[in-house]
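K.L.:
You'll find model-v5.txt just under this line, and it carries compact mmCIF, C-alpha atoms.
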# COMPACT_ATOMS: atom_id res chain seq x y z
CA MET A 371 21.60 3.49 -4.94
CA THR A 372 19.76 4.48 -1.79
CA VAL A 373 19.41 1.69 0.77
CA VAL A 374 16.91 1.92 3.61
CA ARG A 375 17.05 -0.66 6.38
CA VAL A 376 13.92 -1.99 8.07
CA ASP A 377 15.41 -2.73 11.46
CA LEU A 378 13.60 -5.79 12.78
CA GLY A 379 16.54 -7.70 14.20
CA GLU A 380 17.09 -11.05 12.52
CA ARG A 381 14.02 -10.42 10.35
CA GLY A 382 15.31 -7.07 9.17
CA TYR A 383 15.84 -6.38 5.48
CA ASP A 384 17.03 -3.78 3.02
CA ILE A 385 15.05 -1.69 0.59
CA ALA A 386 17.23 -0.78 -2.39
CA ILE A 387 16.13 2.20 -4.51
CA GLU A 388 17.86 2.95 -7.80
CA SER A 389 16.83 4.10 -11.25
CA GLY A 390 17.55 1.30 -13.71
CA ALA A 391 17.86 -1.31 -10.95
CA LEU A 392 15.65 -3.76 -12.82
CA ALA A 393 18.40 -4.20 -15.42
CA ARG A 394 20.76 -5.29 -12.61
CA ALA A 395 18.23 -7.52 -10.90
CA GLY A 396 20.28 -10.65 -11.57
CA ALA A 397 23.15 -9.46 -9.42
CA LEU A 398 20.89 -7.89 -6.80
CA LEU A 399 18.64 -10.94 -6.43
CA ARG A 400 21.38 -13.58 -6.63
CA PRO A 401 21.48 -14.07 -2.83
CA TYR A 402 17.85 -15.20 -2.97
CA ALA A 403 18.15 -17.61 -5.90
CA ARG A 404 19.10 -21.28 -5.96
CA GLY A 405 19.70 -21.28 -9.67
CA ARG A 406 16.09 -20.28 -10.30
CA LEU A 407 13.52 -17.81 -9.13
CA ILE A 408 9.78 -18.15 -9.44
CA VAL A 409 8.49 -14.74 -10.52
CA ILE A 410 4.83 -14.04 -9.87
CA THR A 411 3.20 -11.14 -11.67
CA ASP A 412 -0.03 -10.09 -13.32
CA SER A 413 -1.03 -9.86 -16.96
CA ASN A 414 -0.38 -6.12 -17.20
CA VAL A 415 3.06 -6.19 -15.61
CA ALA A 416 3.96 -9.34 -17.56
CA GLU A 417 3.74 -7.31 -20.74
CA ALA A 418 5.48 -4.19 -19.45
CA GLN A 419 8.23 -5.45 -17.12
CA LEU A 420 8.54 -9.24 -17.00
CA PRO A 421 10.78 -9.60 -20.09
CA ARG A 422 13.27 -7.12 -18.62
CA LEU A 423 13.44 -8.99 -15.32
CA VAL A 424 13.74 -12.40 -17.01
CA ALA A 425 16.58 -11.08 -19.19
CA ALA A 426 18.39 -9.58 -16.19
CA LEU A 427 18.13 -12.85 -14.28
CA ALA A 428 19.30 -14.87 -17.27
CA ALA A 429 22.34 -12.64 -17.64
CA ALA A 430 23.30 -13.65 -14.10
CA GLY A 431 22.71 -17.34 -14.79
CA ILE A 432 19.39 -17.46 -12.94
CA ALA A 433 16.45 -19.20 -14.56
CA ALA A 434 13.10 -17.47 -14.13
CA GLU A 435 9.87 -19.44 -13.89
CA PRO A 436 7.04 -16.93 -14.40
CA ILE A 437 3.52 -17.32 -13.04
CA VAL A 438 1.12 -14.79 -14.55
CA LEU A 439 -2.10 -14.00 -12.69
CA PRO A 440 -5.07 -11.88 -13.75
CA ALA A 441 -4.70 -8.15 -13.16
CA GLY A 442 -6.99 -6.31 -10.77
CA GLU A 443 -8.15 -6.20 -7.14
CA ALA A 444 -10.25 -9.35 -7.63
CA THR A 445 -7.02 -11.37 -7.74
CA LYS A 446 -6.66 -10.91 -3.96
CA SER A 447 -9.06 -13.80 -3.40
CA TRP A 448 -9.36 -17.26 -1.86
CA ALA A 449 -9.50 -18.78 -5.34
CA GLN A 450 -6.26 -17.18 -6.51
CA LEU A 451 -4.55 -17.95 -3.18
CA GLU A 452 -5.40 -21.63 -3.57
CA GLN A 453 -4.33 -21.78 -7.20
CA LEU A 454 -1.05 -19.98 -6.52
CA ALA A 455 -0.21 -22.18 -3.52
CA ASP A 456 -0.90 -25.32 -5.57
CA ARG A 457 1.26 -24.04 -8.40
CA LEU A 458 4.17 -23.29 -6.08
CA LEU A 459 3.91 -26.74 -4.54
CA ASP A 460 3.80 -28.30 -8.02
CA LEU A 461 7.03 -26.45 -8.80
CA GLY A 462 8.65 -27.94 -5.71
CA VAL A 463 9.12 -24.77 -3.70
CA GLU A 464 11.05 -25.41 -0.49
CA ARG A 465 11.26 -23.43 2.73
CA GLY A 466 14.66 -22.11 1.75
CA ASP A 467 13.45 -20.83 -1.62
CA HIS A 468 12.32 -17.32 -2.45
CA VAL A 469 9.52 -16.27 -4.74
CA VAL A 470 9.47 -12.84 -6.36
CA ALA A 471 6.43 -10.57 -6.30
CA LEU A 472 6.72 -8.41 -9.43
CA GLY A 473 3.81 -5.99 -9.48
CA GLY A 474 1.68 -3.60 -7.52
CA GLY A 475 -0.04 -3.94 -4.18
CA VAL A 476 -2.37 -6.72 -5.28
CA ILE A 477 0.48 -9.01 -6.35
CA GLY A 478 2.62 -8.09 -3.36
CA ASP A 479 -0.17 -8.78 -0.88
CA LEU A 480 -1.21 -12.08 -2.47
CA VAL A 481 2.33 -13.39 -3.00
CA GLY A 482 3.42 -12.40 0.49
CA PHE A 483 0.43 -14.10 2.10
CA THR A 484 0.91 -17.22 -0.01
CA ALA A 485 4.61 -17.31 0.88
CA SER A 486 3.68 -17.16 4.58
CA LEU A 487 1.62 -20.34 4.14
CA VAL A 488 3.57 -22.56 1.74
CA LYS A 489 5.66 -25.06 3.70
CA ARG A 490 4.75 -22.92 6.74
CA GLY A 491 6.74 -20.08 5.29
CA CYS A 492 9.09 -19.69 2.35
CA GLY A 493 10.97 -16.52 1.46
CA PHE A 494 9.80 -13.78 -0.83
CA VAL A 495 11.19 -10.66 -2.46
CA GLN A 496 9.21 -7.58 -3.42
CA VAL A 497 9.85 -5.86 -6.75
CA PRO A 498 7.07 -3.24 -6.71
CA THR A 499 6.06 -1.71 -10.03
CA THR A 500 3.56 0.95 -8.95
CA LEU A 501 4.16 4.12 -6.98
CA LEU A 502 1.69 2.98 -4.33
CA ALA A 503 3.50 -0.32 -3.86
CA GLN A 504 6.93 1.31 -3.87
CA VAL A 505 6.14 3.79 -1.11
CA ASP A 506 3.72 1.75 0.97
CA SER A 507 2.49 -1.79 0.44
CA SER A 508 5.84 -3.44 -0.39
CA VAL A 509 7.31 -2.29 2.93
CA GLY A 510 6.25 -3.54 6.34
CA GLY A 511 5.05 -7.10 5.89
CA LYS A 512 1.28 -6.65 5.80
CA THR A 513 -0.08 -9.33 3.46
CA ALA A 514 -3.70 -10.23 2.85
CA ILE A 515 -6.57 -11.14 0.58
CA ASN A 516 -10.07 -9.69 0.36
CA THR A 517 -13.28 -11.49 1.32
CA ARG A 518 -16.99 -10.89 0.97
CA ALA A 519 -16.93 -9.13 4.33
CA GLY A 520 -14.32 -6.59 3.32
CA LYS A 521 -10.79 -5.71 2.31
CA ASN A 522 -7.66 -7.34 3.76
CA LEU A 523 -9.56 -9.28 6.44
CA ILE A 524 -7.61 -12.52 5.93
CA GLY A 525 -3.85 -12.17 6.06
CA ALA A 526 -0.62 -12.25 8.03
CA PHE A 527 2.30 -10.10 9.07
CA TYR A 528 5.09 -11.61 6.99
CA GLN A 529 8.18 -9.62 6.10
CA PRO A 530 9.96 -9.89 2.75
CA SER A 531 13.65 -10.71 2.59
CA PHE A 532 14.44 -7.80 0.26
CA VAL A 533 12.68 -5.01 -1.60
CA LEU A 534 14.02 -3.76 -4.93
CA ILE A 535 12.61 -0.45 -6.15
CA ASP A 536 13.31 0.88 -9.64
CA PRO A 537 11.55 4.24 -10.11
CA ASP A 538 12.01 3.96 -13.87
CA VAL A 539 9.30 1.28 -14.09
CA LEU A 540 6.77 3.99 -13.30
CA ASP A 541 7.27 5.34 -16.83
CA THR A 542 5.03 2.58 -18.18
CA LEU A 543 2.17 3.24 -15.75
CA PRO A 544 -1.01 5.05 -16.76
CA ALA A 545 -1.14 8.57 -15.32
CA ARG A 546 -4.18 7.64 -13.24
CA ASP A 547 -2.26 4.87 -11.45
CA VAL A 548 0.63 7.21 -10.66
CA ARG A 549 -1.76 9.79 -9.24
CA ALA A 550 -3.44 7.13 -7.13
CA GLY A 551 -0.07 6.04 -5.75
CA TYR A 552 0.77 9.64 -4.90
CA ALA A 553 -1.94 9.56 -2.23
CA GLU A 554 0.29 7.27 -0.17
CA VAL A 555 3.19 9.70 -0.62
CA VAL A 556 1.38 12.78 0.62
CA LYS A 557 0.00 10.70 3.50
CA TYR A 558 3.40 10.75 5.21
CA GLY A 559 3.34 14.54 5.28
CA LEU A 560 -0.16 14.64 6.70
CA ILE A 561 0.66 12.12 9.44
CA ASN A 562 3.66 13.72 11.11
CA ASP A 563 5.74 15.78 8.69
CA ALA A 564 4.24 19.15 7.80
CA ALA A 565 7.43 20.16 6.00
CA PHE A 566 7.11 17.17 3.67
CA PHE A 567 3.49 18.08 2.96
CA ALA A 568 4.68 21.54 1.96
CA TRP A 569 7.28 19.87 -0.30
CA CYS A 570 4.48 17.83 -1.85
CA GLU A 571 2.41 20.96 -2.49
CA ALA A 572 5.37 22.51 -4.29
CA ASN A 573 6.60 19.45 -6.17
CA ALA A 574 3.67 17.10 -6.83
CA GLY A 575 3.36 18.38 -10.40
CA ARG A 576 6.99 17.56 -11.14
CA LEU A 577 6.70 14.14 -9.53
CA LEU A 578 3.57 13.22 -11.47
CA ALA A 579 5.12 14.49 -14.71
CA GLY A 580 7.98 12.01 -14.27
CA ASP A 581 10.73 14.28 -12.97
CA ALA A 582 13.41 11.84 -11.83
CA ASP A 583 14.72 13.91 -8.91
CA ALA A 584 11.26 14.62 -7.48
CA ARG A 585 10.26 10.99 -7.88
CA ALA A 586 13.42 9.67 -6.24
CA HIS A 587 13.11 12.07 -3.30
CA ALA A 588 9.45 11.21 -2.72
CA ILE A 589 10.08 7.47 -2.82
CA ALA A 590 13.16 7.53 -0.57
CA HIS A 591 11.53 9.87 1.95
CA SER A 592 8.33 7.81 2.09
CA VAL A 593 10.14 4.50 2.41
CA ALA A 594 12.37 5.82 5.21
CA ALA A 595 9.33 7.17 7.04
CA LYS A 596 7.49 3.88 6.82
CA ALA A 597 10.57 1.81 7.72
CA GLY A 598 10.98 3.79 10.93
CA ILE A 599 7.34 3.32 11.88
CA VAL A 600 7.40 -0.41 11.12
CA ALA A 601 10.60 -0.94 13.12
CA ALA A 602 8.97 0.74 16.12
CA ASP A 603 5.57 -0.97 15.89
CA GLU A 604 5.69 -3.91 13.48
CA ARG A 605 2.35 -5.52 14.34
CA GLU A 606 0.39 -2.37 15.08
CA LEU A 607 0.23 -3.20 18.78
CA ALA A 608 0.77 0.44 19.69
CA ASP A 609 -0.70 3.53 18.10
CA ARG A 610 2.32 4.43 15.99
CA ARG A 611 1.85 2.08 13.01
CA ALA A 612 -1.89 2.68 13.15
CA LEU A 613 -1.19 6.24 11.96
CA LEU A 614 -0.39 4.76 8.54
CA ASN A 615 -4.12 4.05 8.26
CA LEU A 616 -4.89 7.74 7.80
CA GLY A 617 -7.68 7.91 5.24
CA HIS A 618 -8.04 4.14 5.06
CA THR A 619 -11.08 3.66 7.31
CA PHE A 620 -13.11 6.08 5.21
CA GLY A 621 -11.36 4.90 2.05
CA HIS A 622 -12.04 1.20 2.51
CA ALA A 623 -15.73 1.97 2.98
CA LEU A 624 -15.71 3.85 -0.33
CA GLU A 625 -13.93 0.93 -2.01
CA ALA A 626 -16.46 -1.53 -0.64
CA GLU A 627 -19.33 0.63 -1.84
CA THR A 628 -17.83 0.68 -5.35
CA GLY A 629 -17.23 -3.07 -5.35
CA PHE A 630 -13.41 -2.99 -5.02
CA SER A 631 -13.30 -2.23 -8.74
CA ASP A 632 -11.50 0.05 -11.14
CA ALA A 633 -14.33 2.51 -10.61
CA LEU A 634 -12.29 3.71 -7.62
CA LEU A 635 -8.63 2.75 -7.24
CA HIS A 636 -7.24 2.14 -3.77
CA GLY A 637 -5.10 5.28 -3.81
CA GLU A 638 -8.05 7.34 -4.98
CA ALA A 639 -10.13 5.99 -2.11
CA VAL A 640 -7.34 6.80 0.36
CA ALA A 641 -7.10 10.35 -1.01
CA ALA A 642 -10.84 10.89 -0.55
CA GLY A 643 -10.59 9.23 2.86
CA MET A 644 -7.81 11.56 4.01
CA ALA A 645 -9.81 14.62 2.95
CA LEU A 646 -12.83 13.23 4.79
CA ALA A 647 -10.74 12.51 7.89
CA PHE A 648 -9.52 16.11 7.97
CA ARG A 649 -13.00 17.53 7.41
CA PHE A 650 -14.42 15.27 10.11
CA SER A 651 -11.61 16.43 12.42
CA ALA A 652 -12.51 20.04 11.66
CA ALA A 653 -16.20 19.31 12.32
CA GLN A 654 -15.21 17.87 15.71
CA GLY A 655 -13.17 20.97 16.53
CA LEU A 656 -9.89 19.09 16.43
CA CYS A 657 -8.20 20.97 13.60
CA THR A 658 -8.88 24.19 11.75
CA GLN A 659 -11.12 24.34 8.72
CA ASP A 660 -8.23 26.04 6.92
CA ASP A 661 -6.09 22.88 7.31
CA ALA A 662 -8.93 20.68 6.08
CA ASP A 663 -9.48 22.99 3.11
CA ARG A 664 -5.76 22.99 2.33
CA VAL A 665 -5.69 19.20 2.18
CA GLY A 666 -8.72 19.04 -0.08
CA ALA A 667 -7.39 21.78 -2.34
CA HIS A 668 -4.09 19.97 -2.85
CA LEU A 669 -5.76 16.69 -3.73
CA ARG A 670 -8.13 18.41 -6.18
CA ALA A 671 -5.24 20.31 -7.77
CA ILE A 672 -3.53 17.09 -8.80
CA GLY A 673 -6.68 15.31 -9.90
CA LEU A 674 -7.43 13.13 -6.88
CA PRO A 675 -10.90 12.88 -5.31
CA ASP A 676 -11.46 14.84 -2.11
CA GLY A 677 -14.83 13.47 -1.02
CA LEU A 678 -17.85 11.34 -1.77
CA ALA A 679 -19.03 13.01 -4.96
CA ALA A 680 -15.54 13.22 -6.45
CA ALA A 681 -15.07 9.52 -5.66
CA GLY A 682 -18.32 8.66 -7.42
CA VAL A 683 -20.02 7.46 -4.23
CA ALA A 684 -23.69 8.31 -3.72
CA ALA A 685 -24.33 6.17 -0.64
CA GLY A 686 -25.41 7.72 2.62
CA GLY A 687 -23.76 7.58 6.01
CA THR A 688 -25.61 4.50 7.25
CA ALA A 689 -24.50 2.39 4.29
CA LEU A 690 -20.89 3.54 4.50
CA VAL A 691 -20.67 3.01 8.26
CA ALA A 692 -22.05 -0.50 7.73
CA HIS A 693 -18.96 -1.22 5.61
CA MET A 694 -16.76 0.18 8.37
CA ALA A 695 -18.33 -2.23 10.87
CA HIS A 696 -16.42 -5.05 9.16
CA ASP A 697 -13.08 -3.31 9.65
CA LYS A 698 -10.49 -5.65 11.17
CA LYS A 699 -9.51 -2.98 13.69
CA MET A 700 -12.95 -3.02 15.34
CA ALA A 701 -12.61 -3.80 19.05
CA GLY A 702 -15.34 -3.83 21.66
CA GLY A 703 -17.77 -2.24 19.26
CA ARG A 704 -15.45 0.73 18.71
CA LEU A 705 -13.46 1.50 15.60
CA PRO A 706 -10.26 3.53 15.95
CA PHE A 707 -10.12 6.48 13.57
CA ILE A 708 -7.01 8.36 12.48
CA LEU A 709 -7.90 12.02 12.92
CA ALA A 710 -5.80 15.18 12.93
CA ARG A 711 -5.11 18.20 15.09
CA GLY A 712 -3.53 19.76 12.02
CA ILE A 713 -1.36 18.99 9.03
CA GLY A 714 1.49 16.81 10.28
CA ASP A 715 -0.29 16.04 13.56
CA ALA A 716 -2.39 12.90 13.12
CA PHE A 717 -3.46 10.80 16.08
CA VAL A 718 -5.54 7.72 16.93
CA ASP A 719 -8.99 8.40 18.35
CA LYS A 720 -10.71 5.37 19.87
CA SER A 721 -13.75 7.26 21.13
CA VAL A 722 -15.39 8.16 17.82
CA SER A 723 -19.11 7.45 17.59
CA LEU A 724 -20.11 5.71 14.36
CA ASP A 725 -23.41 7.57 14.61
CA ASP A 726 -21.43 10.83 14.43
CA VAL A 727 -19.52 9.51 11.44
CA ALA A 728 -22.75 8.53 9.68
CA ALA A 729 -24.24 11.97 10.33
CA PHE A 730 -21.08 13.64 9.02
CA LEU A 731 -21.15 11.50 5.85
CA ASP A 732 -24.80 12.39 5.31
CA ARG A 733 -23.85 16.06 5.48
CA GLU A 734 -21.02 15.41 3.03
CA ARG A 735 -23.43 13.66 0.68
CA ALA A 736 -25.85 16.58 0.86
Could you write out this structure as structure tokens?
P.N.:
Amino acid sequence: MTVVRVDLGERGYDIAIESGALARAGALLRPYARGRLIVITDSNVAEAQLPRLVAALAAAGIAAEPIVLPAGEATKSWAQLEQLADRLLDLGVERGDHVVALGGGVIGDLVGFTASLVKRGCGFVQVPTTLLAQVDSSVGGKTAINTRAGKNLIGAFYQPSFVLIDPDVLDTLPARDVRAGYAEVVKYGLINDAAFFAWCEANAGRLLAGDADARAHAIAHSVAAKAGIVAADERELADRRALLNLGHTFGHALEAETGFSDALLHGEAVAAGMALAFRFSAAQGLCTQDDADRVGAHLRAIGLPDGLAAAGVAAGGTALVAHMAHDKKMAGGRLPFILARGIGDAFVDKSVSLDDVAAFLDRERA
């Protein structure tokens, strides 16, 4: 077992990574159970993983009370937040209790946000079941729901008590979902670790094919990278945690344009967004065109979109920038962008003109 600590003082917690860990979940989650654990999941994960978790808890004498929500991005909504909060209150959840988020980023975000509200804050544990959730959304305490105005605009910073990662659960995921999650892996190389990006170029095929060693290395490396960033800048008050948004400003606009649907998965949007961020950086003379081309080539090679057309987005720059105007990071009419001076050298630029972005996106569309 690899254990990574998120060092946040008294709110710090461990991330445990081990193949087959779900079978030992009873022992590993015992400190967070008072004889029972309420396990919240979605309809897809309920079929693939819930029985294994329930059996593991039962073997440790812990009763599981499952709550199964609809699968899909639409579950991150006011309606599901209200229904889940009411259900937890009906079950008598107390401040000292923990609920378990068993699923991908949607379940983790919704459960974490609900836990931050119920009784003014009860505990929660993350058991992420997608690659994207394992390397990104389950770590760091960002929780949220979507609204008509955009993605993740209503939420809270609320840290879990524990994160349990079993890479073996990825075996049941569709290949498309694993590829989408890989975007958040390669992101860490593009931000500040050129050597890890080179590792990704050499090993992405093995990782996506299910090679256990490649998968374990990618997860542990990504989690450690994010844990260090979160410990240094938990609430994104400095520029360090903001670097984790590489590709997300462009990507969220693409998601909004496609209706936050399965037409474009979050990781796919982030992949296209990272390629766009590097090409925009090259157009601004910040990085070389060779670096931008290298990023796009790697994403294409593994089947991820590297731009508007590949993401299935036909909208022009004005429409996409209009989505960006709702971004929660907007301040004083300016939106910070994560751009790059090269692979492994991302930075925050708060001087970007949205008119320039719109013109760039129009050129990309053409």
K.L.:
Figure out the distance between atom CA of A:Lys698 and atom CA of A:Leu607, please, to one decimal in Å.
P.N.:
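Straight-line distance from atom CA of A:Leu607 to atom CA of A:Lys698 works out to 13.4 Å.
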K.L.:
Find the spatial neighbours of A:Met700, counting all atoms listed in the file, within a cut-off of 10 Å - ignore same-chain residues fewer than 6 positions away - and output them as an NGL selection string.
P.N.:
:A and (694 or 706 or 720)
K.L.:
Please work out which residues fall within 12 Å of (-5.2, 9.8, 12.1), coordinates as given in the file, with only C-alpha atoms counting, and return them as a ChimeraX atom specification.
P.N.:
/A:557-562,609-620,643-651,656-657,706-720,722
K.L.:
Please identify all polymer residues lying at most 6 Å from the point (-12.1, 8.7, -5.9) (file coordinates), using all atoms listed in the file, and present the result as JSON, numbers by chain.
P.N.:
{"A": [634, 638, 639, 642, 675, 680, 681]}
K.L.:
Measuring atom to atom with only C-alpha atoms, identify which of A:Val409, A:Ala586, A:Leu731, A:Ala695 is nearest to A:Leu678.
P.N.:
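Distance minimum relative to A:Leu678 lands on A:Leu731.
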K.L.:
Atom CA of A:Thr513 and atom CA of A:Ala425 are how many Å apart?
P.N.:
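Those two atoms sit 28.2 Å apart.
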K.L.:
Quick one: distance from atom CA of A:Ala626 to atom CA of A:Leu690 in Å, one decimal?
P.N.:
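According to the coordinates, atom CA of A:Ala626 and atom CA of A:Leu690 are separated by 8.5 Å.
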K.L.:
Can you list every residue of stretch 416-463 of chain A that has an atom at most 12 Å from stretch 487-504 of chain A, with its nearest atom pair and the distance in Å to one decimal, using only C-alpha atoms, ordered by chain then number, as a tab-separated table?
P.N.:
residue	atom	partner	partner_atom	distance
A:Ala416	CA	A:Thr499	CA	10.9
A:Ala418	CA	A:Thr499	CA	9.8
A:Gln419	CA	A:Thr499	CA	8.3
A:Leu420	CA	A:Thr499	CA	10.6
A:Leu423	CA	A:Val497	CA	9.8
A:Leu451	CA	A:Leu487	CA	9.9
A:Glu452	CA	A:Val488	CA	10.5
A:Gln453	CA	A:Val488	CA	12.0
A:Leu454	CA	A:Val488	CA	9.8
A:Ala455	CA	A:Val488	CA	6.5
A:Asp456	CA	A:Val488	CA	9.0
A:Arg457	CA	A:Val488	CA	10.5
A:Leu458	CA	A:Val488	CA	7.9
A:Leu459	CA	A:Val488	CA	7.6
A:Asp460	CA	A:Val488	CA	11.3
A:Leu461	CA	A:Val488	CA	11.8
A:Gly462	CA	A:Lys489	CA	10.3
A:Val463	CA	A:Cys492	CA	7.9
K.L.:
Quick one: residues within 10 Å of A:Ala441, only C-alpha atoms, excluding same-chain residues fewer than 4 positions away - as a PyMOL selection string?
P.N.:
chain A and resi 411-416+445-446+473-474+476-477
K.L.:
Under the rule that all atoms listed in the file are counted, which of A:Leu472, A:Met371, A:Ala572, A:Val683 is the nearest residue to A:Gly629?
P.N.:
A:Val683
K.L.:
So, with all atoms listed in the file as the atoms that count, which of A:Ala568, A:Ala574, A:Ala692, A:Ala641 lies closest to A:Glu627?
P.N.:
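Closest to A:Glu627 of all the choices is A:Ala692.
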K.L.:
Determine the nearest neighbour of A:Ala602 from the options A:Leu635, A:Val556, A:Val376, A:Val533, counting only C-alpha atoms.
P.N.:
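With only C-alpha atoms as the atom set, the closest residue is A:Val376.
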K.L.:
Quick one: of A:Trp448, A:Ala588, A:Gly478, A:Phe567, who's nearest to A:His668, counting all atoms listed in the file?
P.N.:
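Ranking A:Trp448, A:Ala588, A:Gly478, A:Phe567 by distance to A:His668, first place goes to A:Phe567.
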K.L.:
Find the smallest box with edges along x, y and z containing every listed atom of stretch 594-606 of chain A, then add 3 Å on each side and report centre and edge lengths in Å to one decimal, as AutoDock Vina command-line options.
P.N.:
--center_x 6.4 --center_y 0.8 --center_z 10.7 --size_x 18.0 --size_y 18.7 --size_z 16.9
